[in-house]
>>> print(open('query-v3.cif').read())   # mmCIF, C-alpha atoms
data_upload
loop_
_atom_site.label_atom_id
_atom_site.label_comp_id
_atom_site.auth_asym_id
_atom_site.auth_seq_id
_atom_site.Cartn_x
_atom_site.Cartn_y
_atom_site.Cartn_z
CA MET N 216 -159.93 51.24 -7.45
CA GLY N 217 -161.97 52.62 -4.56
CA GLU N 218 -160.63 54.71 -1.71
CA GLY N 219 -158.95 52.46 0.84
CA ASN N 220 -159.08 49.44 -1.46
CA LYS N 221 -155.58 47.94 -1.43
CA PRO N 222 -155.88 44.40 -2.83
CA TRP N 223 -152.13 43.82 -2.47
CA GLU N 224 -152.24 44.02 1.35
CA GLY N 225 -150.55 41.04 2.91
CA LYS N 226 -149.37 39.78 -0.48
CA VAL N 227 -146.69 42.24 -1.64
CA GLY N 228 -143.51 43.20 0.21
CA ASN N 229 -141.89 45.46 -2.41
CA ALA N 230 -143.82 48.38 -3.94
CA GLN N 231 -141.90 47.97 -7.21
CA GLN N 232 -143.97 44.85 -7.81
CA ILE N 233 -146.93 47.20 -8.29
CA GLY N 234 -145.41 50.45 -9.48
CA GLY N 235 -143.24 53.41 -8.57
CA ILE N 236 -140.42 55.44 -10.09
CA GLU N 237 -137.43 53.96 -11.89
CA THR N 238 -134.62 56.14 -13.28
CA ALA N 239 -132.36 55.07 -16.14
CA VAL N 240 -130.07 56.28 -18.94
CA LEU N 241 -130.78 55.49 -22.60
CA ASP N 242 -127.87 53.65 -24.20
CA ASN N 243 -128.77 53.47 -27.91
CA GLY N 244 -130.06 55.54 -30.82
CA SER N 245 -130.62 59.30 -31.01
CA GLY N 246 -131.28 59.54 -27.28
CA LYS N 247 -128.08 57.81 -26.15
CA GLY N 248 -126.93 59.18 -22.80
CA VAL N 249 -130.24 60.90 -21.97
CA ARG N 250 -131.56 60.43 -18.44
CA ILE N 251 -135.16 59.25 -18.13
CA ALA N 252 -137.58 58.10 -15.45
CA TRP N 253 -140.30 55.51 -15.87
CA ILE N 254 -143.32 56.01 -13.64
CA ASP N 255 -145.83 53.20 -13.19
CA THR N 256 -148.99 54.15 -11.30
CA GLY N 257 -149.95 50.51 -10.72
CA ALA N 258 -153.37 51.37 -12.19
CA GLY N 259 -152.71 50.91 -15.90
CA LEU N 260 -151.20 54.37 -16.50
CA ARG N 261 -147.46 54.33 -17.23
CA TYR N 262 -145.33 57.17 -18.56
CA LYS N 263 -141.76 58.22 -19.23
CA LEU N 264 -140.12 61.47 -18.17
CA VAL N 265 -137.13 62.88 -20.03
CA LEU N 266 -135.08 64.30 -17.16
CA ASP N 267 -132.61 65.92 -19.55
CA ARG N 268 -135.42 67.72 -21.36
CA ALA N 269 -137.03 69.78 -18.56
CA MET N 270 -138.60 66.60 -17.11
CA ASP N 271 -141.08 66.62 -19.99
CA VAL N 272 -143.43 63.64 -20.41
CA ALA N 273 -142.56 61.55 -23.48
CA SER N 274 -144.42 58.29 -24.08
CA ALA N 275 -147.49 57.48 -22.01
CA SER N 276 -149.91 54.57 -22.13
CA PHE N 277 -152.98 53.20 -20.41
CA GLY N 278 -153.08 49.44 -20.49
CA ALA N 279 -152.20 48.37 -24.03
CA HIS N 280 -153.00 51.75 -25.58
CA ALA N 281 -150.60 54.60 -26.31
CA LEU N 282 -151.80 58.08 -25.35
CA SER N 283 -149.12 60.42 -26.67
CA TRP N 284 -147.78 61.25 -30.11
CA ILE N 285 -144.07 60.52 -30.66
CA SER N 286 -142.51 62.41 -33.56
CA GLN N 287 -140.03 60.93 -36.03
CA VAL N 288 -137.35 62.85 -34.12
CA GLY N 289 -137.94 60.91 -30.90
CA ILE N 290 -135.87 61.57 -27.81
CA THR N 291 -132.68 63.56 -28.35
CA PRO N 292 -130.13 65.07 -25.97
CA PRO N 293 -130.75 68.66 -24.83
CA SER N 294 -129.52 71.33 -27.25
CA PRO N 295 -129.54 74.59 -25.28
CA PHE N 296 -127.46 76.54 -27.79
CA THR N 297 -129.48 75.83 -30.94
CA SER N 298 -132.63 77.76 -30.07
CA GLU N 299 -132.75 80.05 -33.10
CA GLY N 300 -135.24 80.08 -35.95
CA LEU N 301 -136.95 76.71 -36.32
CA ASP N 302 -134.16 74.73 -34.61
CA TRP N 303 -136.72 73.69 -31.98
CA LEU N 304 -138.36 71.36 -34.54
CA ARG N 305 -135.12 69.37 -34.88
CA THR N 306 -135.38 68.28 -31.25
CA PHE N 307 -139.19 68.22 -30.85
CA GLY N 308 -139.90 64.63 -29.88
CA GLY N 309 -143.60 65.20 -29.31
CA GLY N 310 -144.57 63.27 -26.20
CA LEU N 311 -147.50 63.85 -23.90
CA VAL N 312 -146.09 67.15 -22.59
CA THR N 313 -143.41 69.40 -24.09
CA THR N 314 -142.83 72.63 -22.17
CA CYS N 315 -142.63 75.87 -24.16
CA GLY N 316 -141.17 79.10 -22.70
CA LEU N 317 -140.17 80.28 -20.17
CA SER N 318 -139.80 83.72 -21.72
CA HIS N 319 -141.11 83.21 -25.27
CA VAL N 320 -143.94 81.17 -26.81
CA GLY N 321 -144.49 81.43 -30.55
CA GLY N 322 -142.57 81.65 -33.80
CA PRO N 323 -139.01 82.91 -34.39
CA GLU N 324 -138.57 86.67 -33.98
CA GLU N 325 -135.97 89.38 -33.46
CA ASP N 326 -136.30 92.90 -32.06
CA GLU N 327 -134.40 95.35 -29.88
CA GLN N 328 -134.87 92.94 -26.95
CA GLY N 329 -132.96 90.16 -28.72
CA LYS N 330 -133.40 87.12 -30.95
CA ARG N 331 -135.78 84.30 -30.04
CA GLY N 332 -136.35 80.91 -31.64
CA LEU N 333 -139.56 78.90 -31.90
CA HIS N 334 -141.15 78.25 -28.48
CA GLY N 335 -138.11 79.18 -26.38
CA SER N 336 -135.39 77.05 -24.88
CA ILE N 337 -136.75 75.47 -21.69
CA SER N 338 -137.44 72.04 -23.23
CA ASN N 339 -133.81 71.87 -24.34
CA LEU N 340 -132.47 72.25 -20.80
CA PRO N 341 -131.66 69.39 -18.38
CA ALA N 342 -133.07 69.14 -14.88
CA GLU N 343 -131.12 68.90 -11.64
CA ILE N 344 -133.04 66.16 -9.81
CA CYS N 345 -133.54 67.12 -6.18
CA SER N 346 -135.66 64.31 -4.79
CA VAL N 347 -137.38 61.05 -5.61
CA LYS N 348 -140.06 59.74 -3.24
CA GLN N 349 -141.27 56.18 -3.66
CA PRO N 350 -144.54 54.77 -2.31
CA ASP N 351 -144.15 53.02 1.05
CA LEU N 352 -146.52 50.07 1.34
CA GLY N 353 -145.44 49.22 4.87
CA ASN N 354 -146.51 52.60 6.20
CA GLY N 355 -149.54 52.89 3.95
CA ASP N 356 -148.05 55.92 2.18
CA LEU N 357 -148.93 55.47 -1.48
CA ASP N 358 -147.83 58.92 -2.69
CA MET N 359 -144.84 59.23 -5.04
CA HIS N 360 -143.11 62.12 -6.74
CA ILE N 361 -139.96 63.28 -8.49
CA SER N 362 -138.74 66.88 -8.25
CA GLY N 363 -136.15 68.87 -10.15
CA ILE N 364 -134.87 72.32 -11.02
CA ILE N 365 -134.37 73.66 -14.56
CA ARG N 366 -132.57 76.97 -15.11
CA GLU N 367 -133.03 79.27 -18.11
CA SER N 368 -130.13 81.61 -17.52
CA SER N 369 -127.68 84.01 -19.12
CA VAL N 370 -124.92 86.11 -17.57
CA PHE N 371 -126.18 89.72 -17.38
CA GLY N 372 -129.51 88.47 -18.70
CA PRO N 373 -132.71 86.82 -17.43
CA HIS N 374 -132.37 84.06 -14.85
CA LEU N 375 -135.63 82.13 -14.66
CA VAL N 376 -135.79 79.00 -12.51
CA LEU N 377 -138.40 76.30 -12.99
CA LYS N 378 -139.00 74.03 -10.00
CA ARG N 379 -141.00 71.05 -11.25
CA THR N 380 -142.64 68.23 -9.31
CA ILE N 381 -144.43 65.35 -11.02
CA SER N 382 -146.50 63.26 -8.65
CA GLY N 383 -149.08 60.52 -8.35
CA THR N 384 -150.56 57.93 -6.03
CA LEU N 385 -150.00 54.21 -6.34
CA GLY N 386 -153.20 52.54 -7.48
CA LYS N 387 -154.69 55.64 -9.15
CA PRO N 388 -154.42 56.41 -12.90
CA TYR N 389 -153.38 60.07 -12.81
CA LEU N 390 -150.34 62.31 -12.89
CA LYS N 391 -149.93 65.87 -11.67
CA ILE N 392 -147.40 68.47 -12.78
CA ARG N 393 -146.71 71.27 -10.32
CA ASP N 394 -144.44 74.05 -11.58
CA GLU N 395 -143.04 77.12 -9.88
CA VAL N 396 -141.28 79.75 -12.00
CA THR N 397 -139.08 82.27 -10.17
CA ASN N 398 -137.17 85.27 -11.45
CA ASP N 399 -133.83 84.86 -9.70
CA SER N 400 -132.19 87.83 -11.41
CA ASN N 401 -131.93 91.44 -10.24
CA LEU N 402 -134.00 92.78 -13.15
CA ALA N 403 -137.59 92.28 -14.28
CA ALA N 404 -137.85 89.41 -16.76
CA PRO N 405 -140.46 88.56 -19.44
CA HIS N 406 -142.37 85.33 -18.87
CA MET N 407 -144.56 83.19 -21.15
CA LEU N 408 -145.43 79.52 -20.63
CA LEU N 409 -147.31 76.94 -22.69
CA TYR N 410 -147.77 73.18 -22.20
CA HIS N 411 -147.66 71.49 -25.62
CA VAL N 412 -149.82 68.40 -24.88
CA ASN N 413 -149.67 66.01 -27.83
CA PHE N 414 -152.09 63.11 -28.34
CA GLY N 415 -151.44 60.21 -30.71
CA TRP N 416 -152.93 56.97 -32.04
CA PRO N 417 -154.74 54.93 -30.87
CA LEU N 418 -156.15 57.42 -28.36
CA ILE N 419 -156.85 59.70 -31.30
CA ASP N 420 -158.37 57.90 -34.25
CA GLU N 421 -161.23 58.41 -36.65
CA GLY N 422 -164.23 59.07 -34.43
CA SER N 423 -162.28 60.10 -31.31
CA GLN N 424 -163.72 63.24 -29.73
CA ILE N 425 -161.65 66.30 -28.87
CA ILE N 426 -163.14 67.74 -25.69
CA TRP N 427 -162.98 71.43 -24.77
CA SER N 428 -165.35 74.32 -24.16
CA GLY N 429 -164.95 78.06 -24.67
CA LYS N 430 -164.92 80.94 -27.12
CA TRP N 431 -162.54 80.37 -30.00
CA GLU N 432 -161.20 81.73 -33.25
CA SER N 433 -158.89 80.28 -35.87
CA ARG N 434 -155.31 81.48 -35.67
CA ASP N 435 -155.50 82.93 -39.18
CA GLY N 436 -158.77 84.73 -38.41
CA ASP N 437 -160.38 83.18 -41.49
CA LEU N 438 -164.06 82.38 -40.87
CA GLU N 439 -163.79 79.83 -43.68
CA ASN N 440 -160.70 78.11 -42.26
CA ARG N 441 -160.63 74.56 -43.67
CA ILE N 442 -160.81 73.02 -40.17
CA PHE N 443 -161.96 75.67 -37.70
CA ASN N 444 -165.19 77.01 -39.15
CA GLU N 445 -168.75 76.85 -37.84
CA LYS N 446 -169.80 74.42 -40.59
CA ASN N 447 -167.17 71.79 -39.75
CA ASP N 448 -167.16 69.22 -36.95
CA PHE N 449 -163.63 70.07 -35.82
CA LYS N 450 -164.02 68.19 -32.53
CA SER N 451 -164.11 64.79 -34.25
CA CYS N 452 -160.79 63.35 -35.39
CA PRO N 453 -160.71 62.86 -39.18
CA PRO N 454 -158.63 60.38 -41.21
CA PRO N 455 -155.15 61.51 -42.30
CA LEU N 456 -155.35 64.55 -44.58
CA LYS N 457 -153.13 65.19 -47.60
CA ALA N 458 -153.71 68.91 -47.00
CA HIS N 459 -151.69 68.53 -43.78
CA ALA N 460 -148.56 67.15 -45.44
CA GLY N 461 -145.33 68.93 -44.47
CA PHE N 462 -146.11 72.15 -42.61
CA GLY N 463 -149.87 71.74 -43.12
CA GLU N 464 -151.77 72.45 -39.93
CA ASP N 465 -154.70 74.36 -38.48
CA VAL N 466 -154.88 76.03 -35.09
CA ALA N 467 -157.58 77.49 -32.84
CA PHE N 468 -157.03 80.00 -30.04
CA ILE N 469 -159.51 79.23 -27.23
CA GLN N 470 -160.56 81.10 -24.11
CA PRO N 471 -161.48 78.02 -22.09
CA GLU N 472 -164.63 77.99 -20.00
CA PRO N 473 -164.00 77.07 -16.34
CA GLU N 474 -166.33 74.88 -14.35
CA SER N 475 -167.79 75.88 -10.98
CA ASP N 476 -164.55 74.96 -9.18
CA GLY N 477 -162.52 77.36 -11.36
CA LEU N 478 -160.84 74.56 -13.27
CA CYS N 479 -160.95 74.08 -17.03
CA ARG N 480 -161.13 70.53 -18.35
CA ALA N 481 -160.21 69.28 -21.79
CA GLY N 482 -158.98 66.06 -23.35
CA ILE N 483 -159.76 63.15 -25.66
CA TYR N 484 -162.47 60.49 -25.58
CA ASN N 485 -162.17 57.41 -27.78
CA PRO N 486 -165.46 55.46 -27.62
CA ASP N 487 -163.86 52.38 -29.16
CA LEU N 488 -161.27 52.19 -26.38
CA GLY N 489 -163.83 52.92 -23.68
CA PHE N 490 -161.92 55.59 -21.75
CA ALA N 491 -161.11 59.29 -21.81
CA LEU N 492 -157.91 61.16 -20.98
CA ARG N 493 -158.90 64.29 -19.07
CA MET N 494 -156.67 67.30 -18.44
CA SER N 495 -157.45 69.86 -15.70
CA PHE N 496 -155.91 73.29 -15.15
CA SER N 497 -156.71 76.61 -13.48
CA LYS N 498 -158.20 79.38 -15.61
CA ASN N 499 -156.48 81.93 -13.35
CA GLN N 500 -153.06 80.39 -13.96
CA LEU N 501 -153.48 79.39 -17.62
CA PRO N 502 -156.17 81.51 -19.28
CA TRP N 503 -155.57 80.23 -22.84
CA LEU N 504 -155.99 76.86 -24.57
CA ILE N 505 -154.66 76.10 -28.06
CA ASN N 506 -155.96 73.29 -30.27
CA TRP N 507 -153.32 72.30 -32.84
CA GLN N 508 -154.53 69.86 -35.49
CA HIS N 509 -151.97 68.24 -37.79
CA TRP N 510 -153.50 65.23 -39.51
CA GLY N 511 -150.54 64.45 -41.78
CA GLU N 512 -149.95 60.91 -43.02
CA ASN N 513 -147.66 59.21 -40.48
CA GLU N 514 -147.69 62.52 -38.55
CA TYR N 515 -151.18 62.14 -37.12
CA VAL N 516 -151.49 64.33 -34.04
CA THR N 517 -153.63 66.84 -32.25
CA ALA N 518 -152.58 68.93 -29.28
CA LEU N 519 -154.43 70.78 -26.52
CA GLU N 520 -152.10 73.38 -25.06
CA PRO N 521 -152.90 75.37 -21.89
CA GLY N 522 -150.83 78.52 -21.61
CA THR N 523 -150.37 81.96 -20.17
CA HIS N 524 -150.63 83.24 -23.76
CA PRO N 525 -151.46 81.91 -27.18
CA PRO N 526 -148.27 81.38 -29.24
CA ILE N 527 -148.10 85.00 -30.41
CA GLY N 528 -144.49 85.59 -29.38
CA GLN N 529 -142.88 87.93 -26.88
CA GLN N 530 -142.87 90.84 -29.31
CA GLN N 531 -146.64 90.82 -29.89
CA ALA N 532 -147.37 90.18 -26.19
CA ARG N 533 -145.22 93.19 -25.29
CA LYS N 534 -147.06 95.28 -27.87
CA ASP N 535 -150.57 94.35 -26.72
CA GLY N 536 -149.70 94.66 -23.03
CA SER N 537 -150.23 90.98 -22.14
CA LEU N 538 -146.56 90.10 -21.56
CA ILE N 539 -145.92 89.01 -17.96
CA MET N 540 -142.96 90.83 -16.41
CA LEU N 541 -141.74 89.01 -13.31
CA LYS N 542 -140.11 91.27 -10.74
CA PRO N 543 -136.86 90.12 -9.09
CA GLY N 544 -137.79 87.30 -6.71
CA GLU N 545 -141.36 87.05 -8.01
CA LYS N 546 -142.87 83.58 -8.40
CA ARG N 547 -145.67 82.10 -10.50
CA GLN N 548 -147.20 78.68 -9.80
CA TYR N 549 -148.94 76.36 -12.25
CA GLU N 550 -150.66 72.98 -11.91
CA LEU N 551 -151.73 70.59 -14.63
CA GLN N 552 -153.32 67.20 -13.96
CA PHE N 553 -154.10 64.26 -16.24
CA ASP N 554 -156.38 61.43 -15.27
CA ILE N 555 -157.95 58.44 -16.97
CA ILE N 556 -161.72 58.12 -16.62
CA THR N 557 -163.46 54.83 -17.43
CA GLY N 558 -166.87 54.99 -15.72
CA GLN N 559 -169.63 55.66 -18.22
CA ASN N 560 -171.31 58.29 -16.02
CA ASP N 561 -168.03 60.13 -15.51
CA ILE N 562 -167.26 59.98 -19.24
CA ALA N 563 -170.75 61.23 -20.13
CA SER N 564 -170.43 64.14 -17.70
CA PHE N 565 -167.01 65.06 -19.09
CA VAL N 566 -168.10 64.88 -22.73
CA ASN N 567 -171.47 66.61 -22.30
CA HIS N 568 -170.22 69.47 -20.15
CA ASN N 569 -167.39 70.33 -22.49
CA GLN N 570 -169.36 70.16 -25.73
#
>>> encode(input="query-v3.cif", output="structure tokens")
Amino acid sequence: MGEGNKPWEGKVGNAQQIGGIETAVLDNGSGKGVRIAWIDTGAGLRYKLVLDRAMDVASASFGAHALSWISQVGITPPSPFTSEGLDWLRTFGGGLVTTCGLSHVGGPEEDEQGKRGLHGSISNLPAEICSVKQPDLGNGDLDMHISGIIRESSVFGPHLVLKRTISGTLGKPYLKIRDEVTNDSNLAAPHMLLYHVNFGWPLIDEGSQIIWSGKWESRDGDLENRIFNEKNDFKSCPPPLKAHAGFGEDVAFIQPEPESDGLCRAGIYNPDLGFALRMSFSKNQLPWLINWQHWGENEYVTALEPGTHPPIGQQQARKDGSLIMLKPGEKRQYELQFDIITGQNDIASFVNHNQ
């Protein structure tokens, strides 16, 4: 839809006929009682936020096609007091975006600084919704957003506050996440953040292309890694692999290459569907990108995960000097945008530049 092209003018009196934001509460199954928000861009892109899970993005679709991977766990209520060991996996619903952090990204660990479970606790914390702005057709204001605050806090301990705004424009197939993390305590606090972006069928399928560019190495450092080795086409989605049953997986740590505007771009292109899902983020804000590949039967997923760190854990980041220590009152801002591209020239430019 071109700039200024509003085909509904003079024909629609309620923006909800086209799109907007609708909040609700699930009333059945494992997610009973969980607050959600449906956002319809009015341009084919529709997605669901889980307000009780850090406003993370669960299911997302473009037209008739799902974009995100949904795990067997699905949506569950927040569980802020079960963040030890691998407990995180019991509430990991997948979804387009699951937030990891805010103080630890990586596997379970324990040291003199405390005990930390897989990927931290932020995705198990509910948001306090502060504002919802709907598009206003009458005034020609097509912008919409929902904002909330999520607190990762402990008495006498760190008090990190995430202010999150998810926004879009009616008639355009994109969504933007804008996050601000503040240390509201009176002591310096460790900070790590990673966006676990999970793609599912039919966006990923045999022949779909995984798009990213940059220097990389396999997590295990093995030059003969079964997926991430120079002899393998690891940017083409394979069929389900028996080797990835259970905990089977392979991971690459990437230093993404920014384009001339300072932004890194990555995503998925499915030629059979005729569109690409493109993700954009700032190299200065999020210098790392992780490619998780888990091609298990009925657990068919790949993730591209921008982050402040690879998932090495707070202990290793402290040891190698990369751990961010936020001073009292210090803030960090992050932006992540997803958009659907359908024009063949735009797709070709995206695919060619990032290969």
>>> resolve_selection(input="query-v3.cif", expression="the PyMOL selection byres ((chain N and resi 507-519) around 6)", output="PyMOL selection string")
chain N and resi 412-415+455-456+459-460+464-466+505-506+520
>>> resolve_selection(input="query-v3.cif", expression="the PyMOL selection byres ((chain N and resi 396-400) around 7)", output="list in words")
Pro373, His374, Leu375, Val376, Leu377, Lys378, Asp394, Glu395, Asn401, Leu402, Ala404, Leu541, Lys542, Pro543, Gly544, Glu545, Lys546, Arg547 and Gln548 of chain N
>>> write_last_selection(input="query-v3.cif", atoms="C-alpha atoms", output="mmCIF file, in the coordinates of the input")
data_model
loop_
_atom_site.group_PDB
_atom_site.id
_atom_site.type_symbol
_atom_site.label_atom_id
_atom_site.label_comp_id
_atom_site.auth_asym_id
_atom_site.auth_seq_id
_atom_site.Cartn_x
_atom_site.Cartn_y
_atom_site.Cartn_z
ATOM 1 C CA PRO N 373 -132.710 86.820 -17.430
ATOM 2 C CA HIS N 374 -132.370 84.060 -14.850
ATOM 3 C CA LEU N 375 -135.630 82.130 -14.660
ATOM 4 C CA VAL N 376 -135.790 79.000 -12.510
ATOM 5 C CA LEU N 377 -138.400 76.300 -12.990
ATOM 6 C CA LYS N 378 -139.000 74.030 -10.000
ATOM 7 C CA ASP N 394 -144.440 74.050 -11.580
ATOM 8 C CA GLU N 395 -143.040 77.120 -9.880
ATOM 9 C CA ASN N 401 -131.930 91.440 -10.240
ATOM 10 C CA LEU N 402 -134.000 92.780 -13.150
ATOM 11 C CA ALA N 404 -137.850 89.410 -16.760
ATOM 12 C CA LEU N 541 -141.740 89.010 -13.310
ATOM 13 C CA LYS N 542 -140.110 91.270 -10.740
ATOM 14 C CA PRO N 543 -136.860 90.120 -9.090
ATOM 15 C CA GLY N 544 -137.790 87.300 -6.710
ATOM 16 C CA GLU N 545 -141.360 87.050 -8.010
ATOM 17 C CA LYS N 546 -142.870 83.580 -8.400
ATOM 18 C CA ARG N 547 -145.670 82.100 -10.500
ATOM 19 C CA GLN N 548 -147.200 78.680 -9.800
#
>>> closest_residue(input="query-v3.cif", among="N:Gly246, N:Gly489, N:Pro454, N:Gly289", to="Gly310 (chain N)", atoms="all atoms listed in the file")
N:Gly289
>>> closest_residue(input="query-v3.cif", among="N:Arg305, N:Arg393, N:Lys263, N:Lys450", to="Ile419 (chain N)", atoms="only C-alpha atoms")
N:Lys450
>>> residues_near_point(input="query-v3.cif", point="(-163.8, 71.2, -36.8)", cutoff="12 Å", atoms="only C-alpha atoms", output="PyMOL selection string")
chain N and resi 424-426+431-433+438-453+465-467+506-508+517
>>> atom_distance(input="query-v3.cif", atom1="CA of Ser362 (chain N)", atom2="CA of Tyr410 (chain N)")
17.8 Å
>>> resolve_selection(input="query-v3.cif", expression="the PyMOL selection byres ((chain N and resi 262) around 10)", output="list in words")
Ile236, Ala252, Trp253, Ile254, Asp255, Thr256, Leu260, Arg261, Lys263, Leu264, Val272, Ala273, Ser274, Ala275, Ser276, Phe277, Ala281, Leu282, Ser283, Gly310, Leu311 and Leu390 of chain N
>>> residues_around(input="query-v3.cif", residues="region 339-346 of chain N", least_positions_apart="6", cutoff="6 Å", atoms="all atoms listed in the file", output="ChimeraX atom specification")
/N:266-269,293-295,361-365
>>> residues_around(input="query-v3.cif", residues="Trp503 (chain N)", least_positions_apart="4", cutoff="12 Å", atoms="only C-alpha atoms", output="ChimeraX atom specification")
/N:407-410,427-432,467-473,479,481,496-499,519-527
>>> atom_distance(input="query-v3.cif", atom1="CA of Ala563 (chain N)", atom2="CA of Leu488 (chain N)")
14.5 Å
>>> residues_near_point(input="query-v3.cif", point="(-156.1, 58.4, -23.7)", cutoff="6 Å", atoms="only C-alpha atoms", output="VMD selection string")
chain N and resid 282 418 491 to 492
>>> atom_distance(input="query-v3.cif", atom1="CA of Ser338 (chain N)", atom2="CA of Leu317 (chain N)")
9.2 Å
>>> residues_around(input="query-v3.cif", residues="Ala230 (chain N)", least_positions_apart="6", cutoff="10 Å", atoms="only C-alpha atoms", output="ChimeraX atom specification")
/N:223,236,257,349-353,357,385
>>> residues_around(input="query-v3.cif", residues="Ile556 (chain N)", least_positions_apart="2", cutoff="8 Å", atoms="all atoms listed in the file", output="MDAnalysis selection string")
chainID N and resid 490:493 554 558 561:562
>>> closest_residue(input="query-v3.cif", among="N:Gln559, N:Gln529, N:Asn567, N:Gln287", to="Gly321 (chain N)", atoms="all atoms listed in the file")
N:Gln529
>>> closest_residue(input="query-v3.cif", among="N:His360, N:Arg379, N:Arg434, N:Lys391", to="Ser495 (chain N)", atoms="only C-alpha atoms")
N:Lys391
>>> closest_residue(input="query-v3.cif", among="N:Gln328, N:Gln531, N:Ser245, N:Ser368", to="Gly308 (chain N)", atoms="only C-alpha atoms")
N:Ser245
>>> closest_residue(input="query-v3.cif", among="N:Tyr484, N:Gly332, N:Thr313, N:Lys221", to="Glu421 (chain N)", atoms="all atoms listed in the file")
N:Tyr484
>>> decode(input="query-v3.cif", residues="region 222-235 of chain N", atoms="N, CA, C and O atoms", output="CSV table (one decimal), in the first residue's frame")
chain,number,residue,atom,x,y,z
N,222,PRO,N,-7.5,3.4,0.8
N,222,PRO,CA,-8.7,3.0,0.0
N,222,PRO,C,-10.0,2.9,0.8
N,222,PRO,O,-11.1,2.9,0.2
N,223,TRP,N,-9.9,3.0,2.2
N,223,TRP,CA,-11.1,3.0,3.0
N,223,TRP,C,-11.7,4.3,3.2
N,223,TRP,O,-12.8,4.4,3.7
N,224,GLU,N,-11.1,5.4,2.7
N,224,GLU,CA,-11.6,6.7,2.9
N,224,GLU,C,-13.0,6.9,2.4
N,224,GLU,O,-13.3,6.5,1.3
N,225,GLY,N,-13.9,7.4,3.2
N,225,GLY,CA,-15.3,7.6,2.9
N,225,GLY,C,-16.1,6.4,2.9
N,225,GLY,O,-17.3,6.4,2.6
N,226,LYS,N,-15.5,5.2,3.3
N,226,LYS,CA,-16.3,4.0,3.3
N,226,LYS,C,-16.3,3.3,4.7
N,226,LYS,O,-17.0,2.3,4.9
N,227,VAL,N,-15.4,3.7,5.6
N,227,VAL,CA,-15.3,3.0,6.9
N,227,VAL,C,-15.4,4.1,8.0
N,227,VAL,O,-14.7,5.1,8.0
N,228,GLY,N,-16.2,3.8,9.0
N,228,GLY,CA,-16.4,4.8,10.1
N,228,GLY,C,-15.8,4.3,11.4
N,228,GLY,O,-15.7,5.1,12.4
N,229,ASN,N,-15.3,3.0,11.5
N,229,ASN,CA,-14.7,2.5,12.7
N,229,ASN,C,-13.4,1.8,12.3
N,229,ASN,O,-13.5,0.8,11.5
N,230,ALA,N,-12.3,2.2,12.9
N,230,ALA,CA,-11.0,1.6,12.5
N,230,ALA,C,-10.9,0.2,12.7
N,230,ALA,O,-10.2,-0.6,12.1
N,231,GLN,N,-11.7,-0.4,13.7
N,231,GLN,CA,-11.7,-1.8,14.0
N,231,GLN,C,-12.1,-2.6,12.8
N,231,GLN,O,-11.8,-3.8,12.8
N,232,GLN,N,-12.8,-2.0,11.9
N,232,GLN,CA,-13.2,-2.8,10.7
N,232,GLN,C,-12.0,-3.1,9.8
N,232,GLN,O,-12.0,-4.1,9.1
N,233,ILE,N,-10.9,-2.4,10.0
N,233,ILE,CA,-9.7,-2.6,9.3
N,233,ILE,C,-8.6,-3.3,10.1
N,233,ILE,O,-8.0,-4.2,9.7
N,234,GLY,N,-8.4,-2.8,11.3
N,234,GLY,CA,-7.4,-3.3,12.2
N,234,GLY,C,-7.4,-2.5,13.5
N,234,GLY,O,-8.2,-1.7,13.8
N,235,GLY,N,-6.3,-2.7,14.3
N,235,GLY,CA,-6.1,-2.1,15.6
N,235,GLY,C,-5.7,-3.0,16.6
N,235,GLY,O,-5.2,-4.1,16.4
